[in-house]
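Q: Sharing structure_21.cif here; it has mmCIF, C-alpha atoms and all ligand atoms.
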```
data_start
#
loop_
_atom_site.label_atom_id
_atom_site.label_comp_id
_atom_site.auth_asym_id
_atom_site.auth_seq_id
_atom_site.Cartn_x
_atom_site.Cartn_y
_atom_site.Cartn_z
CA MET I 53 0.66 1.87 -22.54
CA ARG I 54 4.04 3.49 -22.73
CA THR I 55 5.76 4.15 -26.01
CA HIS I 56 8.94 2.38 -27.02
CA GLU I 57 10.81 5.65 -26.83
CA SER I 58 9.83 6.44 -23.24
CA GLN I 59 10.46 2.81 -22.26
CA ILE I 60 14.16 3.18 -23.04
CA THR I 61 14.57 6.35 -21.04
CA ILE I 62 12.54 5.06 -18.08
CA ILE I 63 14.80 2.04 -17.67
CA ASP I 64 17.82 4.32 -17.29
CA MET I 65 16.20 6.61 -14.70
CA LYS I 66 16.96 6.46 -10.98
CA PHE I 67 13.97 6.50 -8.61
CA ALA I 68 14.02 10.23 -7.83
CA THR I 69 14.01 10.97 -11.56
CA LYS I 70 11.28 8.44 -12.33
CA VAL I 71 8.83 10.01 -9.88
CA ILE I 72 9.03 13.25 -11.81
CA HIS I 73 9.67 12.15 -15.41
CA ALA I 74 8.55 8.56 -16.07
CA GLY I 75 5.59 8.65 -18.44
CA ILE I 76 5.35 12.43 -18.19
CA GLU I 77 5.70 14.38 -21.44
CA PRO I 78 4.81 18.04 -22.00
CA ASP I 79 1.32 18.28 -23.53
CA PRO I 80 1.91 18.34 -27.33
CA SER I 81 -0.92 20.79 -28.03
CA SER I 82 0.20 23.53 -25.59
CA GLY I 83 3.55 22.60 -24.07
CA ALA I 84 1.96 22.46 -20.59
CA ILE I 85 4.58 20.89 -18.32
CA MET I 86 1.92 19.35 -16.08
CA THR I 87 -0.13 16.44 -17.43
CA PRO I 88 -3.53 17.94 -18.33
CA ILE I 89 -6.66 16.65 -16.60
CA PHE I 90 -8.50 15.21 -19.60
CA GLN I 91 -11.97 15.73 -18.16
CA THR I 92 -13.89 14.09 -20.98
CA SER I 93 -16.07 11.03 -21.36
CA THR I 94 -15.56 10.53 -25.09
CA TYR I 95 -13.27 11.48 -28.00
CA VAL I 96 -14.21 12.70 -31.47
CA GLN I 97 -13.40 10.30 -34.31
CA LYS I 98 -12.52 11.55 -37.82
CA SER I 99 -14.47 8.72 -39.38
CA PRO I 100 -15.77 5.51 -37.78
CA GLY I 101 -12.78 3.76 -36.20
CA GLU I 102 -10.33 6.51 -37.21
CA HIS I 103 -9.10 8.06 -33.94
CA ASN I 104 -5.98 8.84 -31.85
CA GLY I 105 -6.19 5.70 -29.72
CA TYR I 106 -8.92 7.09 -27.49
CA GLU I 107 -12.58 6.15 -27.94
CA TYR I 108 -14.37 6.18 -24.58
CA ALA I 109 -13.04 7.29 -21.18
CA ARG I 110 -13.83 4.11 -19.24
CA THR I 111 -11.51 2.34 -21.65
CA GLN I 112 -8.73 4.96 -22.03
CA ASN I 113 -7.87 8.39 -20.71
CA PRO I 114 -4.58 10.24 -21.33
CA THR I 115 -4.24 11.44 -17.71
CA ARG I 116 -4.75 7.87 -16.52
CA ASP I 117 -2.27 6.57 -19.14
CA ALA I 118 0.45 8.91 -17.85
CA LEU I 119 -0.15 7.69 -14.29
CA GLN I 120 -0.22 4.02 -15.33
CA THR I 121 3.14 4.42 -17.10
CA ASN I 122 4.59 6.27 -14.13
CA LEU I 123 3.43 3.67 -11.60
CA ALA I 124 4.77 0.80 -13.72
CA ALA I 125 8.17 2.53 -13.74
CA LEU I 126 8.19 3.13 -9.97
CA GLU I 127 7.55 -0.54 -9.26
CA ASN I 128 10.11 -1.71 -11.86
CA GLY I 129 7.22 -3.24 -13.78
CA ASP I 130 5.97 -2.97 -17.35
CA TYR I 131 2.23 -2.45 -16.96
CA GLY I 132 0.28 -0.25 -14.56
CA ILE I 133 -3.48 -0.62 -14.19
CA CYS I 134 -5.33 2.03 -12.16
CA PHE I 135 -8.60 1.73 -10.25
CA SER I 136 -10.96 3.96 -8.34
CA SER I 137 -9.66 2.72 -4.95
CA GLY I 138 -7.28 0.24 -3.39
CA MET I 139 -10.24 -2.07 -2.81
CA ALA I 140 -11.32 -1.80 -6.46
CA ALA I 141 -7.77 -2.82 -7.45
CA THR I 142 -7.95 -5.76 -5.02
CA ASP I 143 -11.37 -6.68 -6.42
CA ALA I 144 -9.89 -6.76 -9.93
CA VAL I 145 -7.07 -9.10 -8.83
CA MET I 146 -9.61 -11.44 -7.19
CA LYS I 147 -11.49 -11.52 -10.51
CA LEU I 148 -8.47 -13.28 -12.04
CA LEU I 149 -9.62 -16.30 -10.01
CA LYS I 150 -12.61 -18.57 -10.45
CA SER I 151 -15.05 -20.40 -8.23
CA GLY I 152 -13.37 -23.14 -6.19
CA ASP I 153 -9.98 -21.38 -6.14
CA GLU I 154 -8.28 -20.78 -2.79
CA ILE I 155 -6.18 -17.90 -1.47
CA VAL I 156 -3.61 -18.03 1.32
CA SER I 157 -2.84 -14.79 3.14
CA THR I 158 -1.71 -13.33 6.44
CA ASN I 159 -3.75 -13.37 9.64
CA ASP I 160 -3.11 -9.65 10.16
CA LEU I 161 -4.27 -8.67 6.70
CA TYR I 162 -5.80 -5.26 5.91
CA GLY I 163 -9.39 -5.58 7.17
CA GLY I 164 -10.98 -4.50 3.88
CA THR I 165 -9.13 -7.21 1.98
CA TYR I 166 -10.19 -9.84 4.53
CA ARG I 167 -13.80 -8.64 4.21
CA LEU I 168 -13.70 -8.67 0.39
CA ILE I 169 -12.33 -12.22 0.24
CA ASN I 170 -14.74 -13.62 2.83
CA LYS I 171 -17.95 -11.63 2.46
CA VAL I 172 -17.97 -10.83 -1.26
CA PHE I 173 -15.91 -13.46 -3.08
CA GLY I 174 -16.93 -16.13 -0.55
CA GLN I 175 -20.37 -15.92 -2.19
CA PHE I 176 -18.79 -16.76 -5.54
CA GLY I 177 -16.93 -19.81 -4.27
CA LEU I 178 -13.49 -18.38 -3.44
CA LYS I 179 -11.96 -19.52 -0.18
CA GLY I 180 -9.40 -17.67 1.94
CA HIS I 181 -6.97 -19.08 4.50
CA PHE I 182 -5.38 -16.60 6.90
CA VAL I 183 -2.21 -17.70 8.69
CA ALA I 184 0.81 -16.19 10.46
CA MET I 185 2.79 -15.64 7.29
CA THR I 186 6.00 -14.69 9.10
CA ASP I 187 6.47 -18.50 9.29
CA LEU I 188 6.07 -19.84 5.76
CA SER I 189 5.49 -23.39 6.98
CA ASN I 190 2.04 -22.11 8.02
CA VAL I 191 1.47 -21.09 4.40
CA GLU I 192 2.73 -24.37 3.01
CA ALA I 193 0.33 -26.27 5.30
CA LYS I 194 -2.64 -24.56 3.60
CA ILE I 195 -1.52 -25.10 0.00
CA ASN I 196 -3.53 -27.69 -1.91
CA ALA I 197 -4.51 -28.41 -5.52
CA ASN I 198 -7.02 -25.52 -5.49
CA THR I 199 -4.62 -22.84 -4.22
CA ARG I 200 -4.22 -20.14 -6.88
CA LEU I 201 -3.10 -17.00 -5.08
CA LEU I 202 -0.72 -16.06 -2.30
CA TRP I 203 -1.65 -12.60 -1.01
CA ILE I 204 1.22 -10.93 0.84
CA GLU I 205 1.12 -7.70 2.82
CA THR I 206 4.31 -6.37 4.37
CA PRO I 207 4.84 -4.52 6.66
CA THR I 208 1.51 -5.60 8.15
CA ASN I 209 -1.09 -3.42 9.81
CA PRO I 210 -1.01 -2.56 12.69
CA MET I 211 1.55 -5.00 14.14
CA LEU I 212 4.27 -4.15 11.57
CA ASN I 213 5.28 -7.75 11.01
CA ILE I 214 7.64 -8.33 8.10
CA ILE I 215 7.06 -11.10 5.58
CA ASP I 216 9.95 -12.39 3.48
CA ILE I 217 8.76 -11.54 -0.05
CA GLN I 218 11.48 -13.49 -1.86
CA ALA I 219 10.94 -16.66 0.21
CA ALA I 220 7.14 -16.42 -0.10
CA CYS I 221 7.37 -15.96 -3.89
CA ASP I 222 9.82 -18.87 -4.19
CA LEU I 223 7.38 -21.08 -2.28
CA ALA I 224 4.47 -19.94 -4.49
CA LYS I 225 6.45 -20.57 -7.68
CA LYS I 226 7.31 -24.09 -6.53
CA HIS I 227 3.57 -24.76 -6.37
CA GLY I 228 2.61 -22.80 -9.49
CA ILE I 229 0.70 -20.21 -7.47
CA LEU I 230 0.28 -16.54 -8.36
CA THR I 231 1.63 -13.94 -5.89
CA CYS I 232 0.32 -10.45 -5.18
CA VAL I 233 2.02 -8.09 -2.72
CA ASP I 234 -0.01 -5.25 -1.18
CA ASN I 235 2.80 -2.67 -1.09
CA THR I 236 0.71 0.16 0.40
CA PHE I 237 2.59 0.40 3.71
CA ALA I 238 6.04 0.51 2.15
CA SER I 239 5.47 2.43 -1.12
CA PRO I 240 7.73 1.72 -4.11
CA TYR I 241 10.33 4.11 -2.69
CA LEU I 242 11.03 1.59 0.08
CA GLN I 243 10.22 -1.73 -1.54
CA THR I 244 9.72 -3.10 -5.08
CA PRO I 245 8.22 -6.61 -4.73
CA LEU I 246 8.43 -7.47 -8.46
CA ASP I 247 12.22 -7.54 -8.00
CA PHE I 248 11.76 -10.37 -5.47
CA GLY I 249 9.62 -12.46 -7.82
CA ALA I 250 6.09 -11.23 -7.13
CA ASP I 251 3.70 -11.49 -10.10
CA LEU I 252 1.58 -8.52 -9.05
CA VAL I 253 2.06 -5.54 -6.76
CA LEU I 254 -0.93 -3.62 -5.46
CA HIS I 255 -1.39 -0.17 -3.96
CA SER I 256 -3.95 1.80 -2.14
CA ALA I 257 -2.63 5.00 -3.76
CA THR I 258 -4.85 6.79 -1.25
CA LYS I 259 -1.93 6.47 1.19
CA TYR I 260 1.75 7.23 0.43
CA LEU I 261 1.48 7.57 -3.36
CA GLY I 262 -1.16 10.30 -3.15
CA GLY I 263 0.38 11.42 0.12
CA HIS I 264 -1.85 14.41 0.87
CA SER I 265 -5.02 12.76 2.21
CA ASP I 266 -7.11 14.24 -0.59
CA VAL I 267 -7.88 11.35 -2.93
CA VAL I 268 -8.93 7.67 -2.94
CA HIS I 269 -7.23 5.59 -5.64
CA GLY I 270 -5.76 2.14 -6.33
CA ALA I 271 -3.36 0.44 -8.73
CA VAL I 272 -1.82 -2.87 -9.76
CA VAL I 273 1.55 -3.25 -11.49
CA THR I 274 2.99 -6.33 -13.22
CA ARG I 275 5.67 -7.44 -15.69
CA ASN I 276 3.45 -10.24 -16.99
CA LYS I 277 1.69 -9.26 -20.24
CA GLU I 278 -0.94 -11.96 -19.95
CA LEU I 279 -1.93 -10.85 -16.43
CA ALA I 280 -1.82 -7.20 -17.53
CA ASP I 281 -4.14 -7.89 -20.48
CA LYS I 282 -6.60 -9.66 -18.17
CA LEU I 283 -6.48 -6.75 -15.72
CA TYR I 284 -6.95 -4.12 -18.45
CA PHE I 285 -9.90 -6.20 -19.62
CA ILE I 286 -11.37 -6.28 -16.09
CA GLN I 287 -10.65 -2.55 -15.63
CA ASN I 288 -12.77 -1.78 -18.69
CA ALA I 289 -15.33 -4.58 -18.32
CA ALA I 290 -16.11 -3.99 -14.63
CA GLY I 291 -15.46 -0.24 -14.88
CA ALA I 292 -14.04 0.68 -11.45
CA VAL I 293 -11.88 3.34 -13.10
CA PRO I 294 -10.47 6.47 -11.44
CA GLY I 295 -11.50 9.89 -12.73
CA PRO I 296 -8.88 12.04 -14.48
CA GLN I 297 -8.77 14.58 -11.65
CA ASP I 298 -7.91 11.81 -9.19
CA CYS I 299 -5.20 10.50 -11.54
CA PHE I 300 -3.76 14.02 -11.71
CA LEU I 301 -3.68 14.28 -7.90
CA ILE I 302 -1.83 10.96 -7.62
CA LEU I 303 0.66 12.04 -10.30
CA ARG I 304 1.20 15.26 -8.40
CA GLY I 305 1.64 13.46 -5.10
CA ILE I 306 4.15 11.01 -6.58
CA LYS I 307 6.49 13.82 -7.62
CA THR I 308 7.56 14.19 -3.97
CA LEU I 309 7.14 10.53 -2.91
CA HIS I 310 10.86 9.99 -2.24
CA LEU I 311 11.16 13.19 -0.19
CA ARG I 312 8.01 12.58 1.84
CA VAL I 313 8.60 8.91 2.57
CA GLN I 314 12.24 9.47 3.53
CA ARG I 315 11.24 12.24 5.94
CA SER I 316 8.49 10.04 7.41
CA CYS I 317 11.04 7.25 7.91
CA ASP I 318 13.48 9.64 9.61
CA ASN I 319 10.76 11.00 11.89
CA ALA I 320 9.41 7.51 12.66
CA ARG I 321 12.86 6.36 13.77
CA ILE I 322 13.14 9.30 16.21
CA ILE I 323 9.64 8.68 17.55
CA ALA I 324 10.12 4.91 17.92
CA GLU I 325 13.29 5.54 19.95
CA TYR I 326 11.54 8.15 22.08
CA LEU I 327 8.63 5.78 22.77
CA ARG I 328 10.92 2.88 23.62
CA GLN I 329 12.49 4.73 26.56
CA HIS I 330 9.19 6.19 27.83
CA PRO I 331 8.15 4.89 31.29
CA LYS I 332 4.44 4.73 30.33
CA VAL I 333 5.06 2.69 27.18
CA ASN I 334 5.13 -1.09 27.23
CA ARG I 335 6.04 -2.39 23.75
CA VAL I 336 7.01 -0.55 20.56
CA PHE I 337 6.48 -2.25 17.18
CA TYR I 338 8.91 -0.85 14.64
CA PRO I 339 10.86 -2.95 12.10
CA GLY I 340 13.84 -0.57 12.36
CA PHE I 341 14.71 -1.94 15.82
CA GLU I 342 17.46 -4.55 15.68
CA ASP I 343 15.50 -6.82 18.00
CA HIS I 344 12.36 -6.70 15.81
CA PRO I 345 11.90 -10.30 14.57
CA GLY I 346 11.64 -9.11 10.94
CA HIS I 347 14.54 -6.62 11.10
CA GLU I 348 17.02 -8.59 8.98
CA ILE I 349 14.39 -9.35 6.31
CA ALA I 350 13.30 -5.70 6.31
CA LYS I 351 16.93 -4.64 5.81
CA ARG I 352 17.13 -6.96 2.80
CA GLN I 353 13.91 -6.01 1.07
CA MET I 354 13.32 -2.39 2.15
CA ARG I 355 15.34 0.79 1.66
CA ASP I 356 14.32 2.07 5.11
CA PHE I 357 11.86 0.93 7.77
CA GLY I 358 8.79 3.00 6.98
CA GLY I 359 6.77 5.71 8.65
CA MET I 360 4.48 3.52 10.75
CA VAL I 361 5.01 2.86 14.47
CA SER I 362 2.66 1.01 16.82
CA PHE I 363 2.95 0.76 20.60
CA THR I 364 1.15 -0.39 23.73
CA LEU I 365 0.95 1.25 27.15
CA LYS I 366 1.94 -0.20 30.53
CA GLU I 367 -1.63 0.68 31.57
CA ASP I 368 -3.01 -1.67 28.94
CA THR I 369 -6.66 -0.55 28.76
CA LEU I 370 -8.94 0.90 26.08
CA GLU I 371 -9.37 3.98 28.32
CA ALA I 372 -5.63 4.66 28.62
CA GLY I 373 -5.22 4.26 24.86
CA SER I 374 -8.04 6.64 24.07
CA LYS I 375 -6.77 9.20 26.60
CA VAL I 376 -3.41 9.45 24.85
CA MET I 377 -5.11 9.76 21.47
CA SER I 378 -7.51 12.45 22.58
CA ASN I 379 -4.66 14.59 23.89
CA THR I 380 -2.41 14.92 20.87
CA HIS I 381 -2.55 18.00 18.69
CA PHE I 382 -0.33 17.39 15.66
CA PHE I 383 -1.18 13.69 15.55
CA SER I 384 -4.78 13.85 14.33
CA LEU I 385 -7.13 11.08 15.39
CA ALA I 386 -8.17 9.49 12.11
CA GLU I 387 -8.11 6.33 10.03
CA SER I 388 -5.82 6.06 6.98
CA LEU I 389 -2.08 6.70 6.74
CA GLY I 390 0.70 7.88 4.50
CA GLY I 391 -0.18 11.58 4.27
CA VAL I 392 2.10 14.53 5.03
CA GLU I 393 0.30 15.06 8.33
CA SER I 394 0.80 12.68 11.26
CA LEU I 395 -2.14 10.54 12.30
CA ILE I 396 -2.87 8.58 15.45
CA GLY I 397 -5.32 5.71 15.66
CA HIS I 398 -6.55 3.02 18.01
CA PRO I 399 -6.99 -0.19 15.98
CA PRO I 400 -8.88 -2.10 18.75
CA THR I 401 -11.75 0.42 18.59
CA MET I 402 -11.29 1.74 15.05
CA THR I 403 -9.94 -0.25 12.06
CA HIS I 404 -9.87 -3.63 13.83
CA ALA I 405 -13.00 -3.30 16.03
CA SER I 406 -14.73 -6.12 14.12
CA ILE I 407 -12.05 -8.63 15.13
CA PRO I 408 -13.07 -10.54 18.30
CA ARG I 409 -10.93 -9.56 21.33
CA PRO I 410 -9.34 -13.02 21.87
CA GLU I 411 -8.17 -13.01 18.24
CA ARG I 412 -6.81 -9.50 18.63
CA LEU I 413 -4.92 -10.44 21.78
CA ALA I 414 -3.53 -13.56 20.10
CA VAL I 415 -1.67 -11.42 17.55
CA GLY I 416 -0.42 -8.95 20.20
CA MET I 417 -3.04 -6.29 19.52
CA THR I 418 -3.78 -5.56 23.19
CA ASP I 419 -6.36 -3.00 24.36
CA SER I 420 -4.06 0.02 24.55
CA LEU I 421 -2.46 -0.53 21.11
CA ILE I 422 -1.91 2.79 19.36
CA ARG I 423 -0.83 3.16 15.74
CA LEU I 424 1.01 6.19 14.41
CA SER I 425 1.32 7.22 10.79
CA VAL I 426 4.27 9.57 11.12
CA GLY I 427 4.10 12.52 8.76
CA VAL I 428 6.72 14.98 7.56
CA GLU I 429 6.41 17.65 10.25
CA ASP I 430 9.35 18.63 12.48
CA ALA I 431 10.29 15.63 14.65
CA ASP I 432 10.82 17.82 17.75
CA ASP I 433 7.22 19.05 17.56
CA LEU I 434 5.92 15.50 17.10
CA VAL I 435 7.86 14.20 20.11
CA ALA I 436 6.70 17.19 22.20
CA ASP I 437 3.12 16.45 21.16
CA LEU I 438 3.35 12.85 22.42
CA GLU I 439 5.17 13.96 25.59
CA LYS I 440 2.33 16.31 26.40
CA ALA I 441 -0.31 13.63 25.72
CA PHE I 442 1.49 11.15 28.01
CA GLY I 443 1.77 13.80 30.72
CA ASP I 444 -1.98 14.34 30.63
CA PHE I 445 -2.96 10.90 31.85
C1 LIG I 501 -6.17 1.51 2.72
C2 LIG I 501 -5.64 0.18 2.35
C3 LIG I 501 -6.27 -0.61 1.38
C4 LIG I 501 -7.57 -0.18 0.71
O1 LIG I 501 -7.40 0.91 -0.10
P1 LIG I 501 -8.55 2.03 -0.38
O2 LIG I 501 -7.85 2.98 -1.25
O3 LIG I 501 -8.98 2.57 0.94
O4 LIG I 501 -9.68 1.30 -1.06
C5 LIG I 501 -5.69 -1.82 1.05
N1 LIG I 501 -4.57 -2.26 1.66
C6 LIG I 501 -3.93 -1.54 2.61
C7 LIG I 501 -2.71 -2.07 3.24
C8 LIG I 501 -4.47 -0.31 2.99
O5 LIG I 501 -3.84 0.40 3.95
#
```
Would you encode the structure as structure tokens?
Ligand SMILES: *Cc1c(COP(=O)(O)O)cnc(C)c1O
A:
Amino acid sequence: MRTHESQITIIDMKFATKVIHAGIEPDPSSGAIMTPIFQTSTYVQKSPGEHNGYEYARTQNPTRDALQTNLAALENGDYGICFSSGMAATDAVMKLLKSGDEIVSTNDLYGGTYRLINKVFGQFGLKGHFVAMTDLSNVEAKINANTRLLWIETPTNPMLNIIDIQAACDLAKKHGILTCVDNTFASPYLQTPLDFGADLVLHSATKYLGGHSDVVHGAVVTRNKELADKLYFIQNAAGAVPGPQDCFLILRGIKTLHLRVQRSCDNARIIAEYLRQHPKVNRVFYPGFEDHPGHEIAKRQMRDFGGMVSFTLKEDTLEAGSKVMSNTHFFSLAESLGGVESLIGHPPTMTHASIPRPERLAVGMTDSLIRLSVGVEDADDLVADLEKAFGDF
């Protein structure tokens, strides 16, 4: 819901300017430079139907509008639609489909998305196929007359596989299928999927966009007016809207997105290189390595290689993995990612515990697999923290 005037200026802005200025105007009533938190459920009308464009806060809220405009600009889109969580945003996209429709996605998809497709929308007649999407012939093999949506996530979690967004969108277009890219792991600073032909881009803003581990939030961005209208309708009709305080926190986080993500990328590169030469480490999964199978694609579609690094230990056991994790200090043992502070996690016993072991092993997720969300601390301290944890076992 951006005005024509701001639209013109947004198009001319570079990314580091957009994060701070796109959709953000001083509050007309006070001049406040920060977007006010419009903590209200309703708006007074002069006479029935005579109002300033705001009637009820599920439908519209000025703090949310500012964020929606800002997010649309960051993703080089035209419409931003915000939700109360990444999963609520995903839920809204699934509601574009109808019973009997089929979805093709990756076999190392975010667990919550897999659960939503199978356990919730499965009951309403949607069907998901989950294949190794790094090879698009696997996707093509699942496409049939009922296929409506290609759901792409790249880099993937926790194996950091890279999917070719342009090639996947070309394939989908050939078959008249909608594409949605979950861009949570990259953030729009690193990757803007709409530029590669995606119809929709989705975020768990809980992660890099918010960036401070203090809010749960989700968003979808598109250039397609028809899809945007349907999503605004679902946003209001189903009502999984974010509160104004949460929108404010995401807006505030976004102002430093480029600085935070770049620092995370720089730190992750140092840590990946440190891990690769460590005698106790077996494999390091990091798309910035030239021998990573997705490196060339990542170079094409990403500005840098991200702040996530996964690795396995030579002593490939659950016990060895948990020992390393229990002995770090700056890397806090927790789920989630994308905050200023570094996190360490053990997917086999945490986020991916519900996946049967043979399936885990088949995608390379062996027992000692550790995932790092590298924050913006000093890289020397982070390396020293890992060095100490390795020394302790
Ligand atoms: C966290 C996450 C989600 C879900 O978002 P919430 O904000 O937790 O609901 C979806 N996709 C990816 C890749 C995620 O990391």
Q: To one decimal in Å, tell me the separation between atom CA of I:Asp432 and atom CA of I:Ile306.
A: 26.1 Å
Q: Between I:Gly101, I:Asp234, I:Gln120, I:Gly83, which one has atoms that come closest to I:Ser157, using all atoms listed in the file?
A: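 Nearest candidate to I:Ser157 out of I:Gly101, I:Asp234, I:Gln120, I:Gly83: I:Asp234.
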Q: Counting all atoms listed in the file, which protein, DNA or RNA residues come within 7 Å of ligand LIG 501 (chain I), given as a ChimeraX atom specification?
A: /I:137-140,162,164-165,205,209,234,236-237,255-259,268-270,388
Q: Mind listing whatever residues come within 10 Å of the point (-1.4, 19.0, 15.8)? Use all atoms listed in the file, file coordinates, and give them as a ChimeraX atom specification.
A: /I:379-385,393-395,429,433-434,437
Q: Quote the spacing between atom CA of I:Phe363 and atom CA of I:Asp343 in Å to one decimal place.
A: 14.9 Å
Q: Just the number, please: distance in Å from atom CA of I:Gly390 to atom CA of I:Val426, one decimal.
A: 7.7 Å
Q: For I:Gly291, work out the shell of residues within 8 Å, counting all atoms listed in the file and skipping chain neighbours fewer than 4 positions away, then give it as number ranges by chain.
A: I: 110, 286-287
Q: Any chance you can output those residues with C-alpha atoms as an mmCIF file, keeping the file's coordinate frame?
A:
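Ended up saving to again-v1.cif:
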```
data_model
loop_
_atom_site.group_PDB
_atom_site.id
_atom_site.type_symbol
_atom_site.label_atom_id
_atom_site.label_comp_id
_atom_site.auth_asym_id
_atom_site.auth_seq_id
_atom_site.Cartn_x
_atom_site.Cartn_y
_atom_site.Cartn_z
ATOM 1 C CA ARG I 110 -13.830 4.110 -19.240
ATOM 2 C CA ILE I 286 -11.370 -6.280 -16.090
ATOM 3 C CA GLN I 287 -10.650 -2.550 -15.630
#
```
Q: Could you build a table of the residues in stretch 128-224 of chain I lying no more than 10 Å from stretch 404-425 of chain I, giving for each the nearest pair of atoms and their separation in Å rounded to one decimal place, using all atoms listed in the file, ordered by chain and ascending residue number, as JSON lines?
A:
```
{"residue": "I:Asn159", "atom": "CA", "partner": "I:Val415", "partner_atom": "CA", "distance": 8.4}
{"residue": "I:Asp160", "atom": "CA", "partner": "I:Val415", "partner_atom": "CA", "distance": 7.7}
{"residue": "I:Tyr162", "atom": "CA", "partner": "I:His404", "partner_atom": "CA", "distance": 9.1}
{"residue": "I:Gly163", "atom": "CA", "partner": "I:His404", "partner_atom": "CA", "distance": 7.0}
{"residue": "I:Ala184", "atom": "CA", "partner": "I:Val415", "partner_atom": "CA", "distance": 8.9}
{"residue": "I:Asn209", "atom": "CA", "partner": "I:Arg423", "partner_atom": "CA", "distance": 8.9}
{"residue": "I:Pro210", "atom": "CA", "partner": "I:Arg423", "partner_atom": "CA", "distance": 6.5}
{"residue": "I:Met211", "atom": "CA", "partner": "I:Met417", "partner_atom": "CA", "distance": 7.2}
{"residue": "I:Leu212", "atom": "CA", "partner": "I:Arg423", "partner_atom": "CA", "distance": 9.8}
```
Q: Please report, as lines of an AutoDock Vina configuration file, the centre and edge lengths in Å to one decimal of an axis-aligned box covering all listed atoms of stretch 200-205 of chain I with 6 Å per side.
A:
```
center_x = -1.5
center_y = -13.9
center_z = -2.0
size_x = 17.4
size_y = 24.4
size_z = 21.7
```
Q: Tell me, counting all atoms listed in the file, for each residue of stretch 339-408 of chain I within 12 Å of stretch 186-196 of chain I, which pair of atoms is nearest and how far apart they are in Å to one decimal, in rows ordered by chain and increasing number, as a tab-separated table.
A:
```
residue	atom	partner	partner_atom	distance
I:Pro345	CA	I:Thr186	CA	9.2
I:Gly346	CA	I:Thr186	CA	8.1
I:His347	CA	I:Thr186	CA	11.9
I:Ile349	CA	I:Thr186	CA	10.3
I:Ala350	CA	I:Thr186	CA	11.9
```
Q: Near I:Tyr108, within 10 Å and counting only C-alpha atoms, which residues show up once chain neighbours fewer than 6 positions away are dropped, as a PyMOL selection string?
A: chain I and resi 92-96
Q: Could you check which of I:Ile72, I:Val361, I:Cys317, I:Ile85 is closest to I:Tyr338, using all atoms listed in the file?
A: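 Ranked by minimum distance to I:Tyr338, first place goes to I:Val361.
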Q: Between I:Ser136, I:Asn288, I:Thr308, I:Gln97, which one has atoms that come closest to I:Ala109, using all atoms listed in the file?
A: I:Asn288
Q: From the list I:Val428, I:Ala324, I:Met146, I:Leu438, which residue is nearest I:Lys375 when using all atoms listed in the file?
A: I:Leu438
Q: Find the residues near I:Gly180: any atom within 7 Å, counting only C-alpha atoms, skip ones fewer than 3 places away on the same chain, and give them as an MDAnalysis selection string.
A: chainID I and resid 154:156 169:170
Q: For I:Pro88, which residue among I:Arg304, I:Lys66, I:His330, I:Lys171 is the nearest when counting all atoms listed in the file?
A: I:Arg304
